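Containing PDB, C-alpha atoms: run_5.pdb.
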```
ATOM      1  CA  MET A   1       6.585 -17.500 -20.375
ATOM      2  CA  SER A   2       9.610 -19.027 -22.050
ATOM      3  CA  GLY A   3      12.833 -17.029 -22.276
ATOM      4  CA  THR A   4      12.523 -15.217 -18.934
ATOM      5  CA  GLN A   5      12.091 -16.793 -15.513
ATOM      6  CA  VAL A   6       9.223 -15.226 -13.521
ATOM      7  CA  GLY A   7       7.979 -16.255 -10.081
ATOM      8  CA  LEU A   8       5.275 -15.090  -7.674
ATOM      9  CA  VAL A   9       5.315 -14.223  -3.987
ATOM     10  CA  ILE A  10       1.917 -14.051  -2.282
ATOM     11  CA  ILE A  11       1.484 -12.934   1.320
ATOM     12  CA  GLY A  12      -1.599 -13.241   3.494
ATOM     13  CA  ARG A  13      -3.223 -13.458   6.895
ATOM     14  CA  ASN A  14      -6.749 -14.847   7.261
ATOM     15  CA  GLU A  15      -7.767 -13.833   3.737
ATOM     16  CA  GLY A  16     -10.028 -16.873   3.272
ATOM     17  CA  PRO A  17     -11.882 -16.842  -0.086
ATOM     18  CA  ARG A  18      -9.851 -13.808  -1.201
ATOM     19  CA  LEU A  19      -6.665 -15.897  -1.001
ATOM     20  CA  GLU A  20      -8.318 -18.761  -2.881
ATOM     21  CA  ARG A  21      -9.176 -16.353  -5.723
ATOM     22  CA  CYS A  22      -5.615 -15.033  -5.668
ATOM     23  CA  LEU A  23      -4.144 -18.534  -5.908
ATOM     24  CA  ALA A  24      -6.573 -19.433  -8.695
ATOM     25  CA  SER A  25      -5.535 -16.373 -10.709
ATOM     26  CA  ALA A  26      -1.899 -17.461 -10.451
ATOM     27  CA  ALA A  27      -2.590 -21.113 -11.290
ATOM     28  CA  GLY A  28      -2.053 -22.531 -14.768
ATOM     29  CA  ARG A  29       0.729 -20.104 -15.664
ATOM     30  CA  GLY A  30       3.538 -22.566 -15.062
ATOM     31  CA  LEU A  31       5.248 -20.147 -12.677
ATOM     32  CA  PRO A  32       6.895 -21.032  -9.366
ATOM     33  CA  CYS A  33       4.806 -19.574  -6.550
ATOM     34  CA  ALA A  34       5.532 -19.003  -2.853
ATOM     35  CA  TYR A  35       2.851 -18.220  -0.268
ATOM     36  CA  VAL A  36       3.873 -16.689   3.065
ATOM     37  CA  ASP A  37       1.403 -16.923   5.931
ATOM     38  CA  SER A  38       1.432 -14.627   8.963
ATOM     39  CA  GLY A  39      -0.373 -16.663  11.602
ATOM     40  CA  SER A  40      -3.647 -17.420   9.790
ATOM     41  CA  THR A  41      -6.289 -19.510  11.539
ATOM     42  CA  ASP A  42      -8.723 -19.852   8.631
ATOM     43  CA  GLY A  43      -7.223 -22.637   6.531
ATOM     44  CA  SER A  44      -5.129 -20.352   4.317
ATOM     45  CA  VAL A  45      -2.089 -22.612   4.626
ATOM     46  CA  LEU A  46      -4.037 -25.664   3.455
ATOM     47  CA  ALA A  47      -5.491 -23.699   0.534
ATOM     48  CA  ALA A  48      -1.999 -22.680  -0.586
ATOM     49  CA  LYS A  49      -0.730 -26.245  -0.304
ATOM     50  CA  ARG A  50      -3.642 -27.497  -2.372
ATOM     51  CA  ALA A  51      -2.649 -24.934  -5.011
ATOM     52  CA  GLN A  52       0.867 -26.465  -4.969
ATOM     53  CA  ALA A  53       2.520 -23.273  -3.782
ATOM     54  CA  ILE A  54       5.701 -23.267  -1.729
ATOM     55  CA  VAL A  55       4.344 -22.485   1.748
ATOM     56  CA  ILE A  56       6.235 -20.548   4.409
ATOM     57  CA  GLU A  57       4.676 -20.086   7.841
ATOM     58  CA  LEU A  58       6.310 -17.209   9.680
ATOM     59  CA  ASP A  59       7.556 -17.692  13.223
ATOM     60  CA  THR A  60       4.796 -16.246  15.419
ATOM     61  CA  SER A  61       7.268 -15.256  18.160
ATOM     62  CA  LEU A  62       8.540 -12.420  15.960
ATOM     63  CA  PRO A  63       6.516  -9.342  14.923
ATOM     64  CA  PHE A  64       4.601  -9.753  11.663
ATOM     65  CA  SER A  65       4.996  -7.304   8.800
ATOM     66  CA  ALA A  66       4.350  -7.393   5.074
ATOM     67  CA  ALA A  67       8.023  -6.556   4.507
ATOM     68  CA  ARG A  68       9.184  -9.534   6.566
ATOM     69  CA  ALA A  69       6.715 -11.829   4.789
ATOM     70  CA  ARG A  70       7.716 -10.695   1.302
ATOM     71  CA  ASN A  71      11.427 -11.114   2.066
ATOM     72  CA  ALA A  72      10.796 -14.626   3.388
ATOM     73  CA  GLY A  73       8.797 -15.495   0.278
ATOM     74  CA  PHE A  74      11.480 -14.131  -2.002
ATOM     75  CA  ARG A  75      14.198 -16.179  -0.294
ATOM     76  CA  ALA A  76      12.162 -19.383  -0.505
ATOM     77  CA  LEU A  77      11.267 -18.768  -4.131
ATOM     78  CA  LYS A  78      14.866 -18.002  -5.070
ATOM     79  CA  ALA A  79      16.046 -21.171  -3.317
ATOM     80  CA  ALA A  80      13.548 -23.228  -5.324
ATOM     81  CA  ALA A  81      14.209 -21.425  -8.627
ATOM     82  CA  PRO A  82      17.742 -19.918  -8.579
ATOM     83  CA  THR A  83      17.566 -18.632 -12.165
ATOM     84  CA  LEU A  84      14.631 -16.284 -11.577
ATOM     85  CA  ASP A  85      14.839 -12.979 -13.436
ATOM     86  CA  TYR A  86      11.681 -11.309 -12.118
ATOM     87  CA  VAL A  87       9.351 -11.735  -9.155
ATOM     88  CA  GLN A  88       5.729 -10.608  -8.991
ATOM     89  CA  PHE A  89       4.778  -9.557  -5.477
ATOM     90  CA  ILE A  90       1.039  -9.693  -4.786
ATOM     91  CA  ASP A  91      -1.115  -9.453  -1.669
ATOM     92  CA  GLY A  92      -3.391 -12.360  -0.832
ATOM     93  CA  ASP A  93      -6.514 -10.202  -1.165
ATOM     94  CA  CYS A  94      -5.734  -9.487  -4.836
ATOM     95  CA  GLU A  95      -6.103 -11.346  -8.131
ATOM     96  CA  LEU A  96      -3.799 -11.090 -11.119
ATOM     97  CA  ALA A  97      -5.310  -9.588 -14.261
ATOM     98  CA  ALA A  98      -5.039 -11.575 -17.478
ATOM     99  CA  GLY A  99      -2.020 -10.546 -19.530
ATOM    100  CA  TRP A 100      -0.372  -8.500 -16.762
ATOM    101  CA  ILE A 101       2.634 -10.753 -16.148
ATOM    102  CA  GLU A 102       3.426 -10.918 -19.861
ATOM    103  CA  ALA A 103       3.090  -7.145 -20.371
ATOM    104  CA  ALA A 104       5.189  -6.330 -17.314
ATOM    105  CA  ARG A 105       7.848  -8.902 -18.200
ATOM    106  CA  ASP A 106       8.129  -7.576 -21.764
ATOM    107  CA  PHE A 107       8.499  -4.014 -20.447
ATOM    108  CA  LEU A 108      11.327  -4.986 -18.089
ATOM    109  CA  ASN A 109      13.012  -6.959 -20.870
ATOM    110  CA  ALA A 110      12.946  -3.844 -23.056
ATOM    111  CA  HIS A 111      14.040  -1.440 -20.295
ATOM    112  CA  PRO A 112      17.083  -2.809 -18.438
ATOM    113  CA  ASP A 113      17.351   0.308 -16.252
ATOM    114  CA  VAL A 114      13.866  -0.219 -14.753
ATOM    115  CA  ALA A 115      13.768  -2.168 -11.472
ATOM    116  CA  ILE A 116      10.031  -2.235 -10.803
ATOM    117  CA  VAL A 117       6.937  -2.041 -12.982
ATOM    118  CA  CYS A 118       3.374  -1.785 -11.705
ATOM    119  CA  GLY A 119      -0.025  -1.269 -13.304
ATOM    120  CA  ARG A 120      -3.632  -0.456 -12.435
ATOM    121  CA  ARG A 121      -4.990  -1.978  -9.255
ATOM    122  CA  ARG A 122      -8.786  -1.876  -8.986
ATOM    123  CA  GLU A 123     -11.266  -2.602  -6.221
ATOM    124  CA  ARG A 124     -13.449  -5.678  -6.747
ATOM    125  CA  PHE A 125     -16.461  -4.124  -5.003
ATOM    126  CA  PRO A 126     -16.148  -0.315  -5.133
ATOM    127  CA  GLN A 127     -19.931  -0.015  -4.954
ATOM    128  CA  HIS A 128     -20.214  -1.909  -1.645
ATOM    129  CA  SER A 129     -19.055   0.994   0.541
ATOM    130  CA  ILE A 130     -17.722   4.527   0.313
ATOM    131  CA  TYR A 131     -14.487   3.195   1.813
ATOM    132  CA  ASN A 132     -13.973   0.697  -1.007
ATOM    133  CA  ARG A 133     -14.770   3.439  -3.520
ATOM    134  CA  VAL A 134     -12.144   5.745  -2.021
ATOM    135  CA  CYS A 135      -9.594   2.905  -2.166
ATOM    136  CA  ASP A 136     -10.357   2.413  -5.866
ATOM    137  CA  ILE A 137      -9.727   6.124  -6.468
ATOM    138  CA  GLU A 138      -6.527   5.944  -4.411
ATOM    139  CA  TRP A 139      -5.098   3.181  -6.611
ATOM    140  CA  ASN A 140      -5.535   5.275  -9.789
ATOM    141  CA  THR A 141      -2.173   7.046  -9.858
ATOM    142  CA  PRO A 142      -0.454   8.603 -12.920
ATOM    143  CA  VAL A 143       1.250   6.347 -15.470
ATOM    144  CA  GLY A 144       4.843   6.656 -16.642
ATOM    145  CA  GLU A 145       7.961   7.008 -14.513
ATOM    146  CA  VAL A 146       6.988   7.271 -10.845
ATOM    147  CA  GLN A 147       8.611   7.654  -7.462
ATOM    148  CA  MET A 148       6.960   4.656  -5.805
ATOM    149  CA  CYS A 149       4.568   1.745  -6.244
ATOM    150  CA  GLY A 150       2.023  -0.090  -4.103
ATOM    151  CA  GLY A 151       2.028  -3.654  -2.808
ATOM    152  CA  ASP A 152       1.590  -5.378  -6.193
ATOM    153  CA  PHE A 153       4.415  -5.110  -8.722
ATOM    154  CA  LEU A 154       6.897  -7.036 -10.855
ATOM    155  CA  ALA A 155      10.494  -6.595  -9.655
ATOM    156  CA  ARG A 156      13.819  -7.269 -11.298
ATOM    157  CA  VAL A 157      15.572  -9.823  -9.082
ATOM    158  CA  ALA A 158      19.059  -8.337  -9.587
ATOM    159  CA  ALA A 159      17.902  -4.875  -8.520
ATOM    160  CA  PHE A 160      15.861  -6.185  -5.577
ATOM    161  CA  GLU A 161      18.833  -8.152  -4.255
ATOM    162  CA  ALA A 162      21.260  -5.276  -4.853
ATOM    163  CA  VAL A 163      19.462  -3.044  -2.317
ATOM    164  CA  GLY A 164      18.792  -5.829   0.185
ATOM    165  CA  GLY A 165      15.075  -6.269  -0.464
ATOM    166  CA  PHE A 166      12.461  -4.837   1.867
ATOM    167  CA  ARG A 167      13.242  -3.310   5.237
ATOM    168  CA  ASP A 168      11.878  -5.929   7.671
ATOM    169  CA  SER A 169      11.315  -3.458  10.500
ATOM    170  CA  LEU A 170       8.692  -1.374   8.650
ATOM    171  CA  ILE A 171       5.084  -2.183   9.591
ATOM    172  CA  ALA A 172       3.821  -0.254   6.535
ATOM    173  CA  GLY A 173       5.237   1.801   3.683
ATOM    174  CA  GLU A 174       7.821  -0.823   2.775
ATOM    175  CA  GLU A 175       7.223  -0.423  -0.977
ATOM    176  CA  PRO A 176       7.937   3.347  -1.164
ATOM    177  CA  ASP A 177      11.018   2.790   0.994
ATOM    178  CA  LEU A 178      12.242   0.080  -1.391
ATOM    179  CA  CYS A 179      11.564   2.305  -4.409
ATOM    180  CA  LEU A 180      13.466   5.228  -2.892
ATOM    181  CA  ARG A 181      16.497   3.033  -2.223
ATOM    182  CA  LEU A 182      16.322   1.686  -5.774
ATOM    183  CA  THR A 183      16.159   5.133  -7.366
ATOM    184  CA  GLN A 184      19.031   6.237  -5.140
ATOM    185  CA  ALA A 185      20.976   3.375  -6.735
ATOM    186  CA  SER A 186      20.092   4.758 -10.223
ATOM    187  CA  TRP A 187      17.235   2.324 -10.962
ATOM    188  CA  ARG A 188      13.887   3.530 -12.300
ATOM    189  CA  ILE A 189      10.277   2.747 -11.307
ATOM    190  CA  TRP A 190       7.515   2.660 -13.918
ATOM    191  CA  ARG A 191       3.725   2.398 -13.943
ATOM    192  CA  LEU A 192       2.048   1.013 -17.053
ATOM    193  CA  ASP A 193      -1.413   1.846 -18.326
ATOM    194  CA  HIS A 194      -2.403  -1.803 -17.975
ATOM    195  CA  GLU A 195      -4.751  -3.744 -15.690
ATOM    196  CA  MET A 196      -2.647  -5.434 -13.004
ATOM    197  CA  THR A 197      -4.700  -6.707 -10.055
ATOM    198  CA  LEU A 198      -8.195  -6.792  -8.600
ATOM    199  CA  HIS A 199      -8.159  -5.951  -4.899
ATOM    200  CA  ASP A 200     -10.748  -6.686  -2.222
ATOM    201  CA  ALA A 201     -10.308  -4.120   0.546
ATOM    202  CA  ALA A 202     -13.457  -5.390   2.314
ATOM    203  CA  ILE A 203     -13.822  -2.175   4.324
ATOM    204  CA  SER A 204     -17.409  -1.825   5.464
ATOM    205  CA  THR A 205     -17.150   0.241   8.659
ATOM    206  CA  PHE A 206     -15.732   3.608   9.630
ATOM    207  CA  SER A 207     -13.568   1.996  12.331
ATOM    208  CA  GLN A 208     -11.804  -0.105   9.682
ATOM    209  CA  TRP A 209     -11.192   2.980   7.581
ATOM    210  CA  TRP A 210      -9.939   4.868  10.652
ATOM    211  CA  ARG A 211      -7.401   2.133  11.532
ATOM    212  CA  ARG A 212      -6.245   2.000   7.923
ATOM    213  CA  ALA A 213      -5.662   5.789   7.975
ATOM    214  CA  ILE A 214      -3.735   5.491  11.257
ATOM    215  CA  ARG A 215      -1.496   2.920   9.594
ATOM    216  CA  SER A 216      -1.000   5.271   6.625
ATOM    217  CA  GLY A 217      -0.003   8.125   8.932
ATOM    218  CA  HIS A 218       2.454   5.882  10.746
ATOM    219  CA  ALA A 219       3.959   4.870   7.391
ATOM    220  CA  PHE A 220       4.156   8.489   6.195
ATOM    221  CA  ALA A 221       6.101   9.456   9.320
ATOM    222  CA  GLU A 222       8.411   6.441   9.508
ATOM    223  CA  VAL A 223       9.431   6.313   5.847
ATOM    224  CA  SER A 224       9.792  10.110   5.702
ATOM    225  CA  SER A 225      12.100   9.992   8.719
ATOM    226  CA  LEU A 226      14.276   7.424   6.935
ATOM    227  CA  HIS A 227      14.542   9.627   3.842
ATOM    228  CA  ARG A 228      14.679  13.136   5.296
ATOM    229  CA  ASP A 229      17.204  14.263   2.688
ATOM    230  CA  ARG A 230      15.131  13.131  -0.319
ATOM    231  CA  ASP A 231      12.488  15.011  -2.305
ATOM    232  CA  PHE A 232       9.757  12.601  -1.266
ATOM    233  CA  ALA A 233       5.991  13.024  -1.665
ATOM    234  CA  TRP A 234       5.286  11.621   1.787
ATOM    235  CA  HIS A 235       7.024  14.593   3.441
ATOM    236  CA  ARG A 236       4.090  16.635   2.142
ATOM    237  CA  ASN A 237       1.624  13.990   3.374
ATOM    238  CA  VAL A 238       2.969  14.401   6.924
ATOM    239  CA  THR A 239       2.767  18.189   6.718
ATOM    240  CA  SER A 240      -0.735  18.049   5.236
ATOM    241  CA  ALA A 241      -2.065  15.709   7.938
ATOM    242  CA  LEU A 242      -0.660  17.795  10.775
ATOM    243  CA  ALA A 243      -1.756  21.101   9.250
ATOM    244  CA  TRP A 244      -5.344  20.077   8.487
ATOM    245  CA  THR A 245      -5.776  18.401  11.855
ATOM    246  CA  GLY A 246      -4.693  21.663  13.455
ATOM    247  CA  ILE A 247      -7.056  23.646  11.248
ATOM    248  CA  MET A 248      -9.984  21.378  12.170
ATOM    249  CA  ILE A 249      -9.260  21.338  15.901
ATOM    250  CA  ALA A 250      -8.222  24.978  16.436
ATOM    251  CA  PRO A 251     -11.656  26.606  15.834
ATOM    252  CA  LEU A 252     -13.331  24.219  18.275
ATOM    253  CA  ALA A 253     -10.691  24.864  20.914
ATOM    254  CA  GLY A 254     -10.967  28.602  20.292
ATOM    255  CA  ALA A 255     -14.735  28.515  20.678
ATOM    256  CA  LEU A 256     -14.396  26.869  24.081
ATOM    257  CA  LEU A 257     -11.551  29.033  25.361
ATOM    258  CA  VAL A 258     -12.446  32.448  23.918
ATOM    259  CA  ASP A 259     -15.900  33.020  22.426
ATOM    260  CA  GLY A 260     -18.192  31.798  19.666
ATOM    261  CA  ARG A 261     -16.629  33.996  17.016
ATOM    262  CA  ALA A 262     -13.684  31.615  16.757
ATOM    263  CA  ILE A 263     -15.983  29.040  15.194
ATOM    264  CA  LEU A 264     -16.000  31.169  12.038
ATOM    265  CA  GLY A 265     -12.561  29.729  11.340
ATOM    266  CA  ALA A 266     -14.230  26.380  10.788
ATOM    267  CA  LEU A 267     -15.685  27.660   7.517
ATOM    268  CA  VAL A 268     -12.452  26.628   5.830
ATOM    269  CA  ILE A 269     -13.387  22.976   6.478
ATOM    270  CA  PRO A 270     -16.436  22.742   4.150
ATOM    271  CA  LEU A 271     -14.524  24.791   1.582
ATOM    272  CA  GLN A 272     -11.697  22.236   1.637
ATOM    273  CA  ILE A 273     -14.177  19.342   1.419
ATOM    274  CA  HIS A 274     -15.689  21.013  -1.650
ATOM    275  CA  ARG A 275     -12.255  21.487  -3.211
ATOM    276  CA  ILE A 276     -11.381  17.800  -2.712
ATOM    277  CA  ALA A 277     -14.834  16.639  -3.862
ATOM    278  CA  ARG A 278     -14.430  18.463  -7.174
ATOM    279  CA  ARG A 279     -11.516  16.159  -8.051
ATOM    280  CA  GLN A 280     -13.929  13.224  -8.222
ATOM    281  CA  THR A 281     -17.473  12.961  -9.487
ATOM    282  CA  LEU A 282     -20.315  10.686  -8.449
ATOM    283  CA  ASN A 283     -23.274  10.595 -10.836
ATOM    284  CA  GLY A 284     -21.913  13.695 -12.528
ATOM    285  CA  ARG A 285     -21.584  15.718  -9.320
ATOM    286  CA  PRO A 286     -18.734  16.432  -6.873
ATOM    287  CA  ASP A 287     -18.254  13.455  -4.558
ATOM    288  CA  TYR A 288     -18.700  15.097  -1.152
ATOM    289  CA  GLY A 289     -18.497  11.765   0.667
ATOM    290  CA  TYR A 290     -15.040  11.315  -0.811
ATOM    291  CA  GLY A 291     -14.046  14.860   0.157
ATOM    292  CA  ALA A 292     -15.238  14.484   3.743
ATOM    293  CA  LEU A 293     -13.584  11.095   4.221
ATOM    294  CA  ILE A 294     -10.242  12.323   2.902
ATOM    295  CA  LEU A 295     -10.286  15.311   5.250
ATOM    296  CA  ILE A 296     -11.414  13.291   8.283
ATOM    297  CA  GLY A 297      -8.685  10.801   7.454
ATOM    298  CA  LYS A 298      -6.113  13.542   8.120
ATOM    299  CA  VAL A 299      -6.951  13.310  11.828
ATOM    300  CA  ALA A 300      -6.391   9.544  11.856
ATOM    301  CA  GLU A 301      -3.157   9.997   9.900
ATOM    302  CA  THR A 302      -2.010  12.531  12.487
ATOM    303  CA  TRP A 303      -2.722   9.987  15.214
ATOM    304  CA  GLY A 304      -0.550   7.483  13.326
ATOM    305  CA  ILE A 305       2.217  10.087  12.957
ATOM    306  CA  LEU A 306       2.112  10.849  16.690
ATOM    307  CA  LYS A 307       2.116   7.124  17.516
ATOM    308  CA  PHE A 308       5.288   6.677  15.463
ATOM    309  CA  TYR A 309       7.144   9.567  17.087
ATOM    310  CA  GLY A 310       5.871   8.616  20.539
ATOM    311  CA  ARG A 311       7.175   5.081  20.138
ATOM    312  CA  ARG A 312      10.470   6.358  18.813
ATOM    313  CA  LEU A 313      10.915   8.624  21.841
ATOM    314  CA  ARG A 314      10.176   5.670  24.112
ATOM    315  CA  ARG A 315      12.424   3.451  21.968
ATOM    316  CA  GLU A 316       9.618   0.960  21.463
ATOM    317  CA  LYS A 317       9.168  -1.195  18.390
ATOM    318  CA  SER A 318       6.085  -0.561  16.297
ATOM    319  CA  GLY A 319       3.467  -3.303  16.120
ATOM    320  CA  LEU A 320       1.319  -4.367  13.182
ATOM    321  CA  ILE A 321      -1.709  -2.113  12.597
ATOM    322  CA  GLU A 322      -4.518  -4.213  11.073
ATOM    323  CA  TYR A 323      -7.852  -2.999   9.745
ATOM    324  CA  LYS A 324      -9.456  -6.301   8.652
TER     325      LYS A 324
END
```
Would you kindly transcribe this structure into structure tokens?
Amino acid sequence: MSGTQVGLVIIGRNEGPRLERCLASAAGRGLPCAYVDSGSTDGSVLAAKRAQAIVIELDTSLPFSAARARNAGFRALKAAAPTLDYVQFIDGDCELAAGWIEAARDFLNAHPDVAIVCGRRRERFPQHSIYNRVCDIEWNTPVGEVQMCGGDFLARVAAFEAVGGFRDSLIAGEEPDLCLRLTQASWRIWRLDHEMTLHDAAISTFSQWWRRAIRSGHAFAEVSSLHRDRDFAWHRNVTSALAWTGIMIAPLAGALLVDGRAILGALVIPLQIHRIARRQTLNGRPDYGYGALILIGKVAETWGILKFYGRRLRREKSGLIEYK
């Protein structure tokens, strides 16, 4: 890694063995590494210290957020290694893929107008549950210049500092918000066709998936409200969630208030599930489990959207929405 200074920021909360795998994937690279812990009770802090990472334990009297944790890790890493050029942000339930840091670093070296580069995140156990499988599909976004990235990426330190890093107050969606502010400042975001990280969502129940979708809806609404004047994909996510929730609820309400003929309107629901399922295949056939879960998730996203606007009307701060 000579010639360019690269460091790592890992964040986590009760990730247990997942964090140990993450730390092991970062070990042996000769890179400065900071681990930020958000109130873990499972020995995560000791594991990070054993791995010789710089350890930051967040003040538990203040609300936790990934944005706050990543900013704290960046500051500690920069204090320990002031000449850093790039920082790899990675969640504690992920592992770095071999060769990713080098490929991402070389791309940023060759493209001085690019602030962030990300790659392919995959699920470790997509076969363990339909929820993990849907996450694996979700991570597979188009390559090339993009509008936003996910939680794992290599960032140019100068660009990150120029826009003030992450927005601490966001409980989710901090990466798209960062990317939008960077592109507004004339930086570019890029996704490479290269393996980046292996993620362990560990979602085995519908309730976990439901809470995760609520968090997504909250993020869609909050980040969209911050960037109302931008052409931003999440504006359409908000509209889609609200519209499909209305479409799914309206026929049932109509059937109760008017007569049974209103239920005919519900026919659009299986048609939409079929349309979504055709985008993905499972054993050579449309993945109807995927289609149904995506559509049901619209209701949970709508709940997250309403929670955000309800809290804003009451002038309350949003709390962390966890699904693990």
>> Please list, as a list in words, the residues that have an atom at most 6 Å away from (-2.0, 15.4, 11.2) in the coordinates of this file, counting only C-alpha atoms.
In response: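 Within 6 Å of (-2.0, 15.4, 11.2), the protein and nucleic acid residues are Ala241, Leu242, Thr245, Lys298, Val299, Glu301 and Thr302 of chain A.
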>> If we count only C-alpha atoms and set the cut-off at 8 Å, which residues sit around region 273-277 of chain A, ignoring sequence neighbours fewer than 2 positions away in its own chain? Please answer as a PyMOL selection string.
In response: chain A and resi 269-271+279-281+286-292+294-295
>> So, with only C-alpha atoms as the atoms that count, which of A:Leu84, A:Ala158, A:Ile171, A:Ala27 lies closest to Asp113 (chain A)?
In response: A:Ala158
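You can rank A:Arg188, A:Arg278, A:His199, A:Arg121 by their closest distance to Glu15 (chain A) using only C-alpha atoms, and at the top of that list sits A:His199.
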>> Need the shell around region 55-57 of chain A: protein/DNA/RNA residues with any atom at most 8 Å away, counting only C-alpha atoms. Skip same-chain ones fewer than 4 positions apart. Format as number ranges by chain?
In response: A: 34-39, 45, 48-49, 72-73, 76
> Which residues, protein or nucleic acid, reach to within 12 Å of (1.3, -1.8, 6.6) in the file's coordinates when using all atoms listed in the file, and can you give that as an NGL selection string?
Replying inline: :A and (64-69 or 91 or 150-151 or 168-176 or 211-220 or 222-223 or 304 or 318-324)
Next, dump the selected residues to file, keeping only C-alpha atoms, as a CSV table (one decimal), keeping the file's coordinate frame.
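Output (again-v2.csv):
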```csv
chain,number,residue,atom,x,y,z
A,64,PHE,CA,4.6,-9.8,11.7
A,65,SER,CA,5.0,-7.3,8.8
A,66,ALA,CA,4.4,-7.4,5.1
A,67,ALA,CA,8.0,-6.6,4.5
A,68,ARG,CA,9.2,-9.5,6.6
A,69,ALA,CA,6.7,-11.8,4.8
A,91,ASP,CA,-1.1,-9.5,-1.7
A,150,GLY,CA,2.0,-0.1,-4.1
A,151,GLY,CA,2.0,-3.7,-2.8
A,168,ASP,CA,11.9,-5.9,7.7
A,169,SER,CA,11.3,-3.5,10.5
A,170,LEU,CA,8.7,-1.4,8.6
A,171,ILE,CA,5.1,-2.2,9.6
A,172,ALA,CA,3.8,-0.3,6.5
A,173,GLY,CA,5.2,1.8,3.7
A,174,GLU,CA,7.8,-0.8,2.8
A,175,GLU,CA,7.2,-0.4,-1.0
A,176,PRO,CA,7.9,3.3,-1.2
A,211,ARG,CA,-7.4,2.1,11.5
A,212,ARG,CA,-6.2,2.0,7.9
A,213,ALA,CA,-5.7,5.8,8.0
A,214,ILE,CA,-3.7,5.5,11.3
A,215,ARG,CA,-1.5,2.9,9.6
A,216,SER,CA,-1.0,5.3,6.6
A,217,GLY,CA,0.0,8.1,8.9
A,218,HIS,CA,2.5,5.9,10.7
A,219,ALA,CA,4.0,4.9,7.4
A,220,PHE,CA,4.2,8.5,6.2
A,222,GLU,CA,8.4,6.4,9.5
A,223,VAL,CA,9.4,6.3,5.8
A,304,GLY,CA,-0.6,7.5,13.3
A,318,SER,CA,6.1,-0.6,16.3
A,319,GLY,CA,3.5,-3.3,16.1
A,320,LEU,CA,1.3,-4.4,13.2
A,321,ILE,CA,-1.7,-2.1,12.6
A,322,GLU,CA,-4.5,-4.2,11.1
A,323,TYR,CA,-7.9,-3.0,9.7
A,324,LYS,CA,-9.5,-6.3,8.7
```
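Comparing the minimum interatomic distances between Ile11 (chain A) and each of A:Cys94, A:Cys135, A:Ala80, A:Ala51, counting all atoms listed in the file, we find that A:Cys94 sits nearest.
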> With all atoms listed in the file as the atoms that count, which of A:His194, A:Gly119, A:Pro63, A:Phe160 lies nearest to Lys317 (chain A)?
Replying inline: A:Pro63
> Which residue gives the smallest distance to Leu306 (chain A) among A:Ile189, A:Leu182, A:Cys33, A:Ala221, with all atoms listed in the file counted?
Replying inline: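 Of the candidates, the smallest distance to Leu306 (chain A) is held by A:Ala221.
As for CA of Ile101 (chain A) and CA of Cys149 (chain A), they are spaced 16.1 Å apart.
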> At what distance in Å, to one decimal, does CA of Gln184 (chain A) lie from CA of Asp152 (chain A)?
Replying inline: 21.0 Å
> With distances taken over all atoms listed in the file, which of A:Ser25, A:Asn14, A:Leu198, A:Ala185 is nearest to Asp42 (chain A)?
Replying inline: A:Asn14
>> Assuming the chain letters and numbering stay as they are in my file, what does the PyMOL selection byres ((chain A and resi 125) around 10) actually select? List them as a list in words.
In response: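 With the shown file as input, the PyMOL selection byres ((chain A and resi 125) around 10) matches Arg122, Glu123, Arg124, Pro126, Gln127, His128, Ser129, Asn132, Arg133, Asp136, Leu198, His199, Asp200, Ala201, Ala202 and Ile203 of chain A.
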>> What's the separation between CA of Gly246 (chain A) and CA of Ala233 (chain A), in Å to one decimal place?
In response: 20.4 Å
Residue neighbourhood Phe107 (chain A), 10 Å, all atoms listed in the file, exclusion window fewer than 5 positions, as a PDB file with C-alpha atoms, in the coordinates of the input:
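Okay, this is what ended up in out-v5.pdb:
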```
ATOM      1  CA  ILE A 101       2.634 -10.753 -16.148  1.00  0.00           C
ATOM      2  CA  GLU A 102       3.426 -10.918 -19.861  1.00  0.00           C
ATOM      3  CA  PRO A 112      17.083  -2.809 -18.438  1.00  0.00           C
ATOM      4  CA  VAL A 114      13.866  -0.219 -14.753  1.00  0.00           C
ATOM      5  CA  ILE A 116      10.031  -2.235 -10.803  1.00  0.00           C
ATOM      6  CA  VAL A 117       6.937  -2.041 -12.982  1.00  0.00           C
ATOM      7  CA  TRP A 190       7.515   2.660 -13.918  1.00  0.00           C
ATOM      8  CA  LEU A 192       2.048   1.013 -17.053  1.00  0.00           C
TER       9      LEU A 192
END
```
>> Using the chain letters and numbers from this file, what does the PyMOL selection byres ((chain A and resi 28) around 12) select? Give the answer as a PyMOL selection string.
In response: chain A and resi 1+23-27+29-33+51-53+98
Deliver the residues from the most recent selection as a file, using C-alpha atoms, as a CSV table (one decimal), keeping the file's coordinate frame.
```
chain,number,residue,atom,x,y,z
A,1,MET,CA,6.6,-17.5,-20.4
A,23,LEU,CA,-4.1,-18.5,-5.9
A,24,ALA,CA,-6.6,-19.4,-8.7
A,25,SER,CA,-5.5,-16.4,-10.7
A,26,ALA,CA,-1.9,-17.5,-10.5
A,27,ALA,CA,-2.6,-21.1,-11.3
A,29,ARG,CA,0.7,-20.1,-15.7
A,30,GLY,CA,3.5,-22.6,-15.1
A,31,LEU,CA,5.2,-20.1,-12.7
A,32,PRO,CA,6.9,-21.0,-9.4
A,33,CYS,CA,4.8,-19.6,-6.6
A,51,ALA,CA,-2.6,-24.9,-5.0
A,52,GLN,CA,0.9,-26.5,-5.0
A,53,ALA,CA,2.5,-23.3,-3.8
A,98,ALA,CA,-5.0,-11.6,-17.5
```
Would you compute an axis-aligned box for region 98-114 of chain A, covering every atom listed for it in the file with 4 Å of margin on each side, and report centre and edge lengths in Å to one decimal as AutoDock Vina command-line options?
```
--center_x 6.2 --center_y -5.6 --center_z -18.9 --size_x 30.4 --size_y 19.9 --size_z 16.3
```
